[in-house]
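File shown: run.tsv. Contents: TSV, C-alpha atoms.
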chain	number	residue	atom	x	y	z
A	1	MET	CA	33.90	-77.60	23.51
A	2	VAL	CA	31.35	-78.78	20.96
A	3	PRO	CA	29.77	-75.75	19.22
A	4	HIS	CA	26.02	-75.37	19.33
A	5	SER	CA	24.06	-76.68	16.37
A	6	TYR	CA	20.96	-74.73	15.39
A	7	ASP	CA	17.76	-75.75	13.63
A	8	LEU	CA	14.46	-74.05	12.86
A	9	THR	CA	13.05	-74.77	16.33
A	10	VAL	CA	15.15	-71.86	17.64
A	11	PHE	CA	12.51	-69.62	16.05
A	12	ASP	CA	9.74	-71.10	18.18
A	13	HIS	CA	10.44	-68.01	20.30
A	14	PRO	CA	11.65	-64.49	19.42
A	15	VAL	CA	15.44	-64.35	19.14
A	16	HIS	CA	18.38	-62.00	19.27
A	17	VAL	CA	20.75	-62.32	16.32
A	18	LEU	CA	24.37	-61.59	17.22
A	19	PRO	CA	26.84	-61.01	14.37
A	20	LEU	CA	30.22	-62.67	14.84
A	21	GLY	CA	33.63	-61.42	13.71
A	22	TYR	CA	33.98	-58.29	11.60
A	23	ILE	CA	33.40	-57.22	8.01
A	24	ALA	CA	35.98	-55.34	5.94
A	25	ASP	CA	36.56	-54.61	2.27
A	26	SER	CA	39.35	-56.52	0.56
A	27	GLU	CA	40.13	-56.06	-3.13
A	28	GLY	CA	36.67	-54.66	-3.74
A	29	LYS	CA	34.88	-57.49	-1.93
A	30	ALA	CA	33.26	-57.60	1.50
A	31	VAL	CA	34.91	-60.24	3.70
A	32	GLN	CA	33.58	-61.41	7.05
A	33	THR	CA	36.46	-62.59	9.23
A	34	ILE	CA	35.81	-64.74	12.29
A	35	GLY	CA	38.13	-66.38	14.81
A	36	ASP	CA	40.67	-63.53	14.62
A	37	PHE	CA	42.07	-63.74	18.14
A	38	ARG	CA	44.77	-65.61	20.02
A	39	GLY	CA	43.84	-69.28	20.01
A	40	GLY	CA	41.07	-68.76	17.45
A	41	ASN	CA	40.52	-70.48	14.14
A	42	ARG	CA	40.79	-67.49	11.78
A	43	ARG	CA	38.92	-67.73	8.49
A	44	GLY	CA	37.16	-65.41	6.07
A	45	PHE	CA	33.99	-65.55	4.00
A	46	ILE	CA	33.28	-63.40	0.94
A	47	LEU	CA	29.81	-61.89	1.30
A	48	GLU	CA	27.31	-60.89	-1.32
A	49	THR	CA	26.18	-57.27	-0.92
A	50	LYS	CA	22.76	-58.28	0.43
A	51	PHE	CA	24.33	-60.42	3.16
A	52	ARG	CA	26.85	-57.72	4.09
A	53	ASP	CA	24.06	-55.16	4.39
A	54	PHE	CA	21.94	-57.60	6.38
A	55	LEU	CA	24.73	-58.30	8.87
A	56	ASN	CA	25.67	-54.64	9.20
A	57	ALA	CA	22.05	-53.77	9.99
A	58	LEU	CA	21.72	-56.27	12.84
A	59	HIS	CA	21.33	-54.87	16.36
A	60	PRO	CA	22.05	-57.33	19.19
A	61	GLN	CA	19.45	-55.79	21.52
A	62	ALA	CA	16.68	-56.04	18.93
A	63	VAL	CA	14.27	-58.95	19.21
A	64	GLU	CA	13.44	-60.64	15.92
A	65	ARG	CA	9.83	-61.82	15.85
A	66	ASP	CA	7.79	-63.63	13.19
A	67	VAL	CA	10.83	-64.21	10.99
A	68	PRO	CA	9.69	-65.53	7.56
A	69	ARG	CA	10.60	-69.17	6.95
A	70	PRO	CA	13.18	-68.47	4.16
A	71	GLU	CA	14.98	-66.01	6.46
A	72	GLN	CA	14.79	-68.51	9.32
A	73	GLN	CA	16.62	-71.05	7.19
A	74	LEU	CA	19.18	-68.44	6.13
A	75	LEU	CA	19.89	-67.49	9.75
A	76	VAL	CA	20.14	-71.14	10.82
A	77	ASP	CA	22.63	-71.77	8.01
A	78	MET	CA	24.64	-68.68	9.00
A	79	ALA	CA	24.58	-69.71	12.66
A	80	ASN	CA	25.84	-73.19	11.86
A	81	LYS	CA	28.65	-71.67	9.79
A	82	ARG	CA	29.45	-69.51	12.85
A	83	LEU	CA	28.70	-66.21	11.10
A	84	VAL	CA	26.05	-65.29	13.68
A	85	ALA	CA	24.94	-66.58	17.07
A	86	LEU	CA	21.28	-66.92	18.06
A	87	LEU	CA	19.94	-66.27	21.57
A	88	PRO	CA	16.23	-66.83	22.26
A	89	GLU	CA	14.59	-63.91	24.05
A	90	GLY	CA	14.53	-64.70	27.75
A	91	GLY	CA	17.25	-67.32	27.35
A	92	ALA	CA	20.21	-67.60	29.70
A	93	LEU	CA	23.72	-66.70	28.62
A	94	SER	CA	24.72	-70.32	29.22
A	95	GLU	CA	23.55	-70.74	25.61
A	96	LEU	CA	26.47	-68.54	24.55
A	97	ASP	CA	29.21	-70.63	26.12
A	98	ASP	CA	30.88	-70.87	22.70
A	99	VAL	CA	31.05	-67.11	22.02
A	100	VAL	CA	33.95	-64.96	23.25
A	101	PRO	CA	34.00	-61.13	23.30
A	102	VAL	CA	37.41	-60.06	21.98
A	103	MET	CA	38.68	-56.55	22.67
A	104	ARG	CA	39.88	-54.49	19.69
A	105	LYS	CA	40.46	-51.16	21.47
A	106	ASP	CA	41.45	-50.04	24.96
A	107	LEU	CA	38.81	-48.84	27.40
A	108	VAL	CA	39.20	-46.11	30.03
A	109	ILE	CA	36.46	-45.05	32.46
A	110	ASP	CA	35.78	-41.38	31.68
A	111	SER	CA	33.23	-40.58	34.39
A	112	ASP	CA	30.87	-42.10	36.92
A	113	LEU	CA	27.29	-41.26	35.98
A	114	GLY	CA	25.91	-42.36	39.34
A	115	ASP	CA	22.74	-44.38	38.96
A	116	GLY	CA	23.12	-43.87	35.22
A	117	GLY	CA	26.21	-46.08	35.12
A	118	TYR	CA	29.52	-45.06	33.54
A	119	ARG	CA	30.85	-43.17	30.57
A	120	VAL	CA	33.72	-45.09	28.98
A	121	ARG	CA	36.26	-43.78	26.49
A	122	VAL	CA	37.06	-46.22	23.68
A	123	GLY	CA	40.43	-46.09	21.94
A	124	GLY	CA	41.01	-42.53	23.12
A	125	ASP	CA	38.28	-40.89	21.03
A	126	LYS	CA	34.74	-42.33	21.13
A	127	THR	CA	32.70	-42.64	24.31
A	128	ILE	CA	29.92	-45.04	25.24
A	129	ASP	CA	27.60	-45.04	28.25
A	130	LEU	CA	27.17	-48.32	30.11
A	131	SER	CA	24.80	-49.29	32.91
A	132	ASP	CA	26.36	-50.54	36.14
A	133	LEU	CA	25.53	-54.14	35.25
A	134	ALA	CA	26.97	-53.84	31.74
A	135	MET	CA	30.10	-52.28	33.25
A	136	ARG	CA	30.54	-55.34	35.45
A	137	PHE	CA	30.62	-57.42	32.28
A	138	ALA	CA	33.05	-55.03	30.58
A	139	LEU	CA	35.56	-55.30	33.44
A	140	LEU	CA	35.72	-59.07	32.99
A	141	VAL	CA	36.19	-59.14	29.21
A	142	ASP	CA	39.70	-60.48	28.64
A	143	SER	CA	39.41	-61.89	25.09
A	144	ARG	CA	39.55	-65.43	26.50
A	145	ARG	CA	36.43	-66.04	28.57
A	146	ASP	CA	33.13	-66.80	26.87
A	147	LEU	CA	29.93	-64.89	27.64
A	148	SER	CA	28.51	-67.70	29.77
A	149	THR	CA	31.61	-67.75	32.00
A	150	ILE	CA	31.60	-63.96	32.34
A	151	ALA	CA	27.89	-63.96	33.22
A	152	ALA	CA	28.46	-66.59	35.91
A	153	ALA	CA	31.23	-64.46	37.44
A	154	VAL	CA	29.05	-61.33	37.40
A	155	ARG	CA	26.19	-63.27	38.99
A	156	GLU	CA	28.47	-64.67	41.70
A	157	GLY	CA	29.79	-61.19	42.47
A	158	LEU	CA	26.27	-59.80	42.80
A	159	LEU	CA	25.12	-62.53	45.16
A	160	GLU	CA	28.20	-62.26	47.38
A	161	ASP	CA	27.44	-58.67	48.40
A	162	ALA	CA	24.40	-57.92	50.57
A	163	SER	CA	23.60	-54.56	48.96
A	164	ASP	CA	23.99	-56.05	45.47
A	165	ARG	CA	21.68	-58.94	46.39
A	166	GLU	CA	19.12	-56.43	47.62
A	167	TRP	CA	19.45	-54.47	44.37
A	168	ALA	CA	19.02	-57.61	42.28
A	169	THR	CA	15.90	-58.66	44.20
A	170	GLU	CA	14.36	-55.22	43.74
A	171	ALA	CA	15.31	-55.13	40.05
A	172	GLU	CA	13.58	-58.47	39.51
A	173	LYS	CA	10.40	-57.13	41.14
A	174	VAL	CA	10.42	-53.85	39.21
A	175	THR	CA	11.22	-55.32	35.79
A	176	GLY	CA	9.45	-58.66	36.06
A	177	ARG	CA	12.61	-60.34	34.74
A	178	THR	CA	14.78	-62.90	36.48
A	179	LEU	CA	18.36	-62.14	37.42
A	180	ASP	CA	19.59	-64.36	34.59
A	181	GLN	CA	17.43	-62.39	32.14
A	182	LEU	CA	18.76	-59.10	33.54
A	183	LEU	CA	22.29	-60.41	33.05
A	184	ALA	CA	21.47	-61.29	29.44
A	185	ASP	CA	20.04	-57.79	28.93
A	186	ALA	CA	23.25	-56.25	30.27
A	187	ALA	CA	25.42	-58.46	28.08
A	188	LEU	CA	23.43	-57.52	24.98
A	189	GLU	CA	23.70	-53.84	25.95
A	190	LEU	CA	27.47	-54.21	26.22
A	191	ILE	CA	27.73	-56.09	22.92
A	192	ALA	CA	25.68	-53.43	21.11
A	193	SER	CA	27.74	-50.58	22.62
A	194	PHE	CA	31.04	-52.29	21.88
A	195	ARG	CA	29.95	-52.98	18.31
A	196	SER	CA	28.85	-49.38	17.69
A	197	ALA	CA	32.23	-48.09	18.88
A	198	GLY	CA	34.35	-50.80	17.29
A	199	ALA	CA	35.61	-51.70	20.75
A	200	ALA	CA	35.21	-55.48	20.50
A	201	THR	CA	33.91	-58.30	18.35
A	202	LEU	CA	32.17	-61.54	19.22
A	203	GLU	CA	34.09	-64.62	18.14
A	204	PRO	CA	33.26	-68.33	18.05
A	205	THR	CA	35.41	-70.61	20.17
A	206	ASP	CA	35.69	-73.23	17.42

Give the structure from this file in structure tokens form.
Amino acid sequence: MVPHSYDLTVFDHPVHVLPLGYIADSEGKAVQTIGDFRGGNRRGFILETKFRDFLNALHPQAVERDVPRPEQQLLVDMANKRLVALLPEGGALSELDDVVPVMRKDLVIDSDLGDGGYRVRVGGDKTIDLSDLAMRFALLVDSRRDLSTIAAAVREGLLEDASDREWATEAEKVTGRTLDQLLADAALELIASFRSAGAATLEPTD
């Protein structure tokens, strides 16, 4: 698969910035490691403090608007080095067909919250709450499939079941967002929750 190449036109619309890999201290320096999974191309980058702090502060569900031109160029450079991935707001997850969620801790469903989704225990200690749609994504994360493939499987599962199709149609009416946009919202929710609990990282396929 040829990885996506980014340029400044990605900022013609608001975007989500998704940090890839993980950051850890090594010999007094911050190192961002990406590709650390079976079949991945593992490599590390030493980060200046300002870049480490910038990456640590990113929130996948946040929408970055009116990004100054110097920061646009910085993010494009980071995206092309596979340190972050960029997803335009309202974009489909097919644009993330070169990003794989990789599990770092085990997940166990703690309780069913009804319409509120599920409470999930991460690594035996922390818990996160996931909506039903985000939980559908979580159940398909196997550290091999990319986000686009997982989204397609979730979408297919929804459309196969009559009650799920009815729910999706109603959700589109209530939210004013398409099913593909709702799937992207759920994926970003899952990514943010996984990141906060150290449950998984996003990794480039190249």

**Item:** Given all atoms listed in the file as the counted atoms, nearest of A:Gly28, A:Pro88, A:Gly35, A:Pro68 to Val15 in chain A
**Value:**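 For Val15 in chain A, the nearest of the candidates is A:Pro88.
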
**Message:** Can you pull out the residues contacting range 74-81 of chain A? Cut-off 6 Å, using only C-alpha atoms, and skip same-chain residues under 5 positions away; I want them as a list in words.
**Reply:**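 The residues that qualify are Ser5, Tyr6 and Asp7 of chain A.
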
**Message:** Between A:Ile23, A:Gln61, A:Phe37, A:Gly198, which residue has the minimum interatomic distance to Thr49 in chain A, considering only C-alpha atoms?
**Reply:** A:Ile23

Set out as JSON lines a contact list for range 61-86 of chain A and range 93-116 of chain A with a cut-off of 12 Å, giving each residue of range 61-86 of chain A that qualifies its closest atom pair and distance in Å to one decimal, counting all atoms listed in the file, ordered by chain and rising residue number.
{"residue": "A:Ala79", "atom": "CA", "partner": "A:Val99", "partner_atom": "CA", "distance": 11.7}
{"residue": "A:Arg82", "atom": "CA", "partner": "A:Val99", "partner_atom": "CA", "distance": 9.6}
{"residue": "A:Leu83", "atom": "CA", "partner": "A:Val99", "partner_atom": "CA", "distance": 11.2}
{"residue": "A:Val84", "atom": "CA", "partner": "A:Val99", "partner_atom": "CA", "distance": 9.9}
{"residue": "A:Ala85", "atom": "CA", "partner": "A:Val99", "partner_atom": "CA", "distance": 7.9}
{"residue": "A:Leu86", "atom": "CA", "partner": "A:Leu96", "partner_atom": "CA", "distance": 8.5}

Output C-alpha atoms for every residue in that selection, as a short mmCIF file (atom, residue, chain, number, x, y, z; two decimals), keeping the file's coordinate frame.
data_model
loop_
_atom_site.label_atom_id
_atom_site.label_comp_id
_atom_site.auth_asym_id
_atom_site.auth_seq_id
_atom_site.Cartn_x
_atom_site.Cartn_y
_atom_site.Cartn_z
CA ALA A 79 24.58 -69.71 12.66
CA ARG A 82 29.45 -69.51 12.85
CA LEU A 83 28.70 -66.21 11.10
CA VAL A 84 26.05 -65.29 13.68
CA ALA A 85 24.94 -66.58 17.07
CA LEU A 86 21.28 -66.92 18.06
#

**Asked** Distance CA of Asp129 in chain A-CA of Gly117 in chain A, one decimal place?
**Response** 7.1 Å

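Across A:Glu71, A:Leu58, A:Gly157, A:Ala199, the tightest approach to Arg121 in chain A is made by A:Ala199 when counting only C-alpha atoms.
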
**Item:** Best match for closeness to Phe51 in chain A among A:Val67, A:Ala138, A:Ala168, A:Val31, counting only C-alpha atoms
**Value:**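 Using only C-alpha atoms, the shortest distance to Phe51 in chain A belongs to A:Val31.
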
**Atom pair CA of His13 in chain A / CA of Gln32 in chain A: separation (Å)** =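 If I compute the distance from CA of His13 in chain A to CA of Gln32 in chain A, I get 27.5 Å.
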
**Item:** Spatial neighbours of Asp185 in chain A, max dist 12 Å, all atoms listed in the file, sep filter under 4 positions, as number ranges by chain
**Value:** A: 16, 60-63, 87-93, 130-131, 133-134, 137, 151, 175, 177-181, 189-192

Surrounding residues of Asn41 in chain A excluding itself and chain neighbours under 4 positions, 10 Å, only C-alpha atoms, as a short mmCIF file (atom, residue, chain, number, x, y, z; two decimals) with C-alpha atoms, keeping the file's coordinate frame:
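The result, stored in selection.cif:
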data_model
loop_
_atom_site.label_atom_id
_atom_site.label_comp_id
_atom_site.auth_asym_id
_atom_site.auth_seq_id
_atom_site.Cartn_x
_atom_site.Cartn_y
_atom_site.Cartn_z
CA ILE A 34 35.81 -64.74 12.29
CA GLY A 35 38.13 -66.38 14.81
CA ASP A 36 40.67 -63.53 14.62
CA PHE A 37 42.07 -63.74 18.14
CA GLU A 203 34.09 -64.62 18.14
CA PRO A 204 33.26 -68.33 18.05
CA THR A 205 35.41 -70.61 20.17
CA ASP A 206 35.69 -73.23 17.42
#

**Prompt:** Just how far from CA of Ala30 in chain A is CA of Ile46 in chain A, in Å to one decimal?
**Reply:**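 According to the coordinates, CA of Ile46 in chain A and CA of Ala30 in chain A are separated by 5.8 Å.
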
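Between Asp146 in chain A and the residues A:Ala24, A:Val174, A:Leu158, A:Ala187, the shortest atom-to-atom distance, using only C-alpha atoms, involves A:Ala187.
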
Some atoms are missing, so please complete range 94-105 of chain A with all heavy atoms and return it as an mmCIF file, keeping the file's coordinate frame.
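Ended up saving to rebuild12.cif:
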data_model
loop_
_atom_site.group_PDB
_atom_site.id
_atom_site.type_symbol
_atom_site.label_atom_id
_atom_site.label_comp_id
_atom_site.auth_asym_id
_atom_site.auth_seq_id
_atom_site.Cartn_x
_atom_site.Cartn_y
_atom_site.Cartn_z
ATOM 1 N N SER A 94 24.068 -69.009 29.309
ATOM 2 C CA SER A 94 24.720 -70.320 29.220
ATOM 3 C C SER A 94 24.632 -70.851 27.787
ATOM 4 O O SER A 94 25.435 -71.695 27.384
ATOM 5 C CB SER A 94 24.072 -71.313 30.182
ATOM 6 O OG SER A 94 22.682 -71.448 29.921
ATOM 7 N N GLU A 95 23.667 -70.329 27.009
ATOM 8 C CA GLU A 95 23.550 -70.740 25.610
ATOM 9 C C GLU A 95 24.630 -70.124 24.735
ATOM 10 O O GLU A 95 24.765 -70.489 23.566
ATOM 11 C CB GLU A 95 22.155 -70.376 25.081
ATOM 12 C CG GLU A 95 21.027 -71.073 25.828
ATOM 13 C CD GLU A 95 19.677 -70.841 25.199
ATOM 14 O OE1 GLU A 95 19.577 -70.919 23.959
ATOM 15 O OE2 GLU A 95 18.717 -70.583 25.942
ATOM 16 N N LEU A 96 25.388 -69.180 25.296
ATOM 17 C CA LEU A 96 26.470 -68.540 24.550
ATOM 18 C C LEU A 96 27.821 -68.905 25.147
ATOM 19 O O LEU A 96 28.730 -68.079 25.237
ATOM 20 C CB LEU A 96 26.269 -67.018 24.529
ATOM 21 C CG LEU A 96 25.030 -66.528 23.785
ATOM 22 C CD1 LEU A 96 24.929 -65.006 23.847
ATOM 23 C CD2 LEU A 96 25.051 -66.976 22.329
ATOM 24 N N ASP A 97 27.941 -70.180 25.544
ATOM 25 C CA ASP A 97 29.210 -70.630 26.120
ATOM 26 C C ASP A 97 30.253 -70.928 25.052
ATOM 27 O O ASP A 97 31.353 -71.378 25.360
ATOM 28 C CB ASP A 97 29.000 -71.852 27.011
ATOM 29 C CG ASP A 97 28.394 -73.041 26.270
ATOM 30 O OD1 ASP A 97 28.086 -72.900 25.067
ATOM 31 O OD2 ASP A 97 28.222 -74.100 26.900
ATOM 32 N N ASP A 98 29.907 -70.682 23.785
ATOM 33 C CA ASP A 98 30.880 -70.870 22.700
ATOM 34 C C ASP A 98 31.113 -69.565 21.949
ATOM 35 O O ASP A 98 31.537 -69.578 20.797
ATOM 36 C CB ASP A 98 30.421 -71.974 21.743
ATOM 37 C CG ASP A 98 29.037 -71.711 21.159
ATOM 38 O OD1 ASP A 98 28.380 -70.733 21.580
ATOM 39 O OD2 ASP A 98 28.607 -72.481 20.279
ATOM 40 N N VAL A 99 30.850 -68.425 22.626
ATOM 41 C CA VAL A 99 31.050 -67.110 22.020
ATOM 42 C C VAL A 99 31.896 -66.260 22.968
ATOM 43 O O VAL A 99 31.556 -66.102 24.144
ATOM 44 C CB VAL A 99 29.703 -66.409 21.751
ATOM 45 C CG1 VAL A 99 29.935 -65.007 21.207
ATOM 46 C CG2 VAL A 99 28.865 -67.218 20.769
ATOM 47 N N VAL A 100 32.991 -65.723 22.442
ATOM 48 C CA VAL A 100 33.950 -64.960 23.250
ATOM 49 C C VAL A 100 33.989 -63.504 22.779
ATOM 50 O O VAL A 100 34.215 -63.247 21.587
ATOM 51 C CB VAL A 100 35.365 -65.558 23.119
ATOM 52 C CG1 VAL A 100 36.384 -64.711 23.877
ATOM 53 C CG2 VAL A 100 35.386 -66.995 23.604
ATOM 54 N N PRO A 101 33.767 -62.537 23.677
ATOM 55 C CA PRO A 101 34.000 -61.130 23.300
ATOM 56 C C PRO A 101 35.503 -60.849 23.275
ATOM 57 O O PRO A 101 36.211 -61.141 24.240
ATOM 58 C CB PRO A 101 33.284 -60.337 24.398
ATOM 59 C CG PRO A 101 33.167 -61.273 25.554
ATOM 60 C CD PRO A 101 33.214 -62.670 25.024
ATOM 61 N N VAL A 102 35.980 -60.313 22.163
ATOM 62 C CA VAL A 102 37.410 -60.060 21.980
ATOM 63 C C VAL A 102 37.629 -58.556 21.818
ATOM 64 O O VAL A 102 37.060 -57.923 20.922
ATOM 65 C CB VAL A 102 37.945 -60.804 20.735
ATOM 66 C CG1 VAL A 102 39.400 -60.435 20.460
ATOM 67 C CG2 VAL A 102 37.808 -62.315 20.932
ATOM 68 N N MET A 103 38.442 -57.985 22.701
ATOM 69 C CA MET A 103 38.680 -56.550 22.670
ATOM 70 C C MET A 103 39.520 -56.160 21.444
ATOM 71 O O MET A 103 40.463 -56.851 21.083
ATOM 72 C CB MET A 103 39.408 -56.094 23.936
ATOM 73 C CG MET A 103 38.619 -56.278 25.219
ATOM 74 S SD MET A 103 36.973 -55.521 25.195
ATOM 75 C CE MET A 103 37.388 -53.808 24.828
ATOM 76 N N ARG A 104 39.143 -55.038 20.823
ATOM 77 C CA ARG A 104 39.880 -54.490 19.690
ATOM 78 C C ARG A 104 40.477 -53.126 20.007
ATOM 79 O O ARG A 104 41.388 -52.666 19.313
ATOM 80 C CB ARG A 104 38.945 -54.351 18.478
ATOM 81 C CG ARG A 104 38.269 -55.650 18.038
ATOM 82 C CD ARG A 104 39.282 -56.663 17.541
ATOM 83 N NE ARG A 104 38.650 -57.944 17.224
ATOM 84 C CZ ARG A 104 39.312 -59.015 16.852
ATOM 85 N NH1 ARG A 104 40.629 -58.993 16.757
ATOM 86 N NH2 ARG A 104 38.675 -60.149 16.583
ATOM 87 N N LYS A 105 39.956 -52.475 21.054
ATOM 88 C CA LYS A 105 40.460 -51.160 21.470
ATOM 89 C C LYS A 105 40.518 -51.111 22.998
ATOM 90 O O LYS A 105 39.798 -51.845 23.677
ATOM 91 C CB LYS A 105 39.557 -50.042 20.946
ATOM 92 C CG LYS A 105 39.537 -49.909 19.433
ATOM 93 C CD LYS A 105 38.642 -48.750 19.001
ATOM 94 C CE LYS A 105 38.610 -48.617 17.481
ATOM 95 N NZ LYS A 105 37.725 -47.503 17.040
#
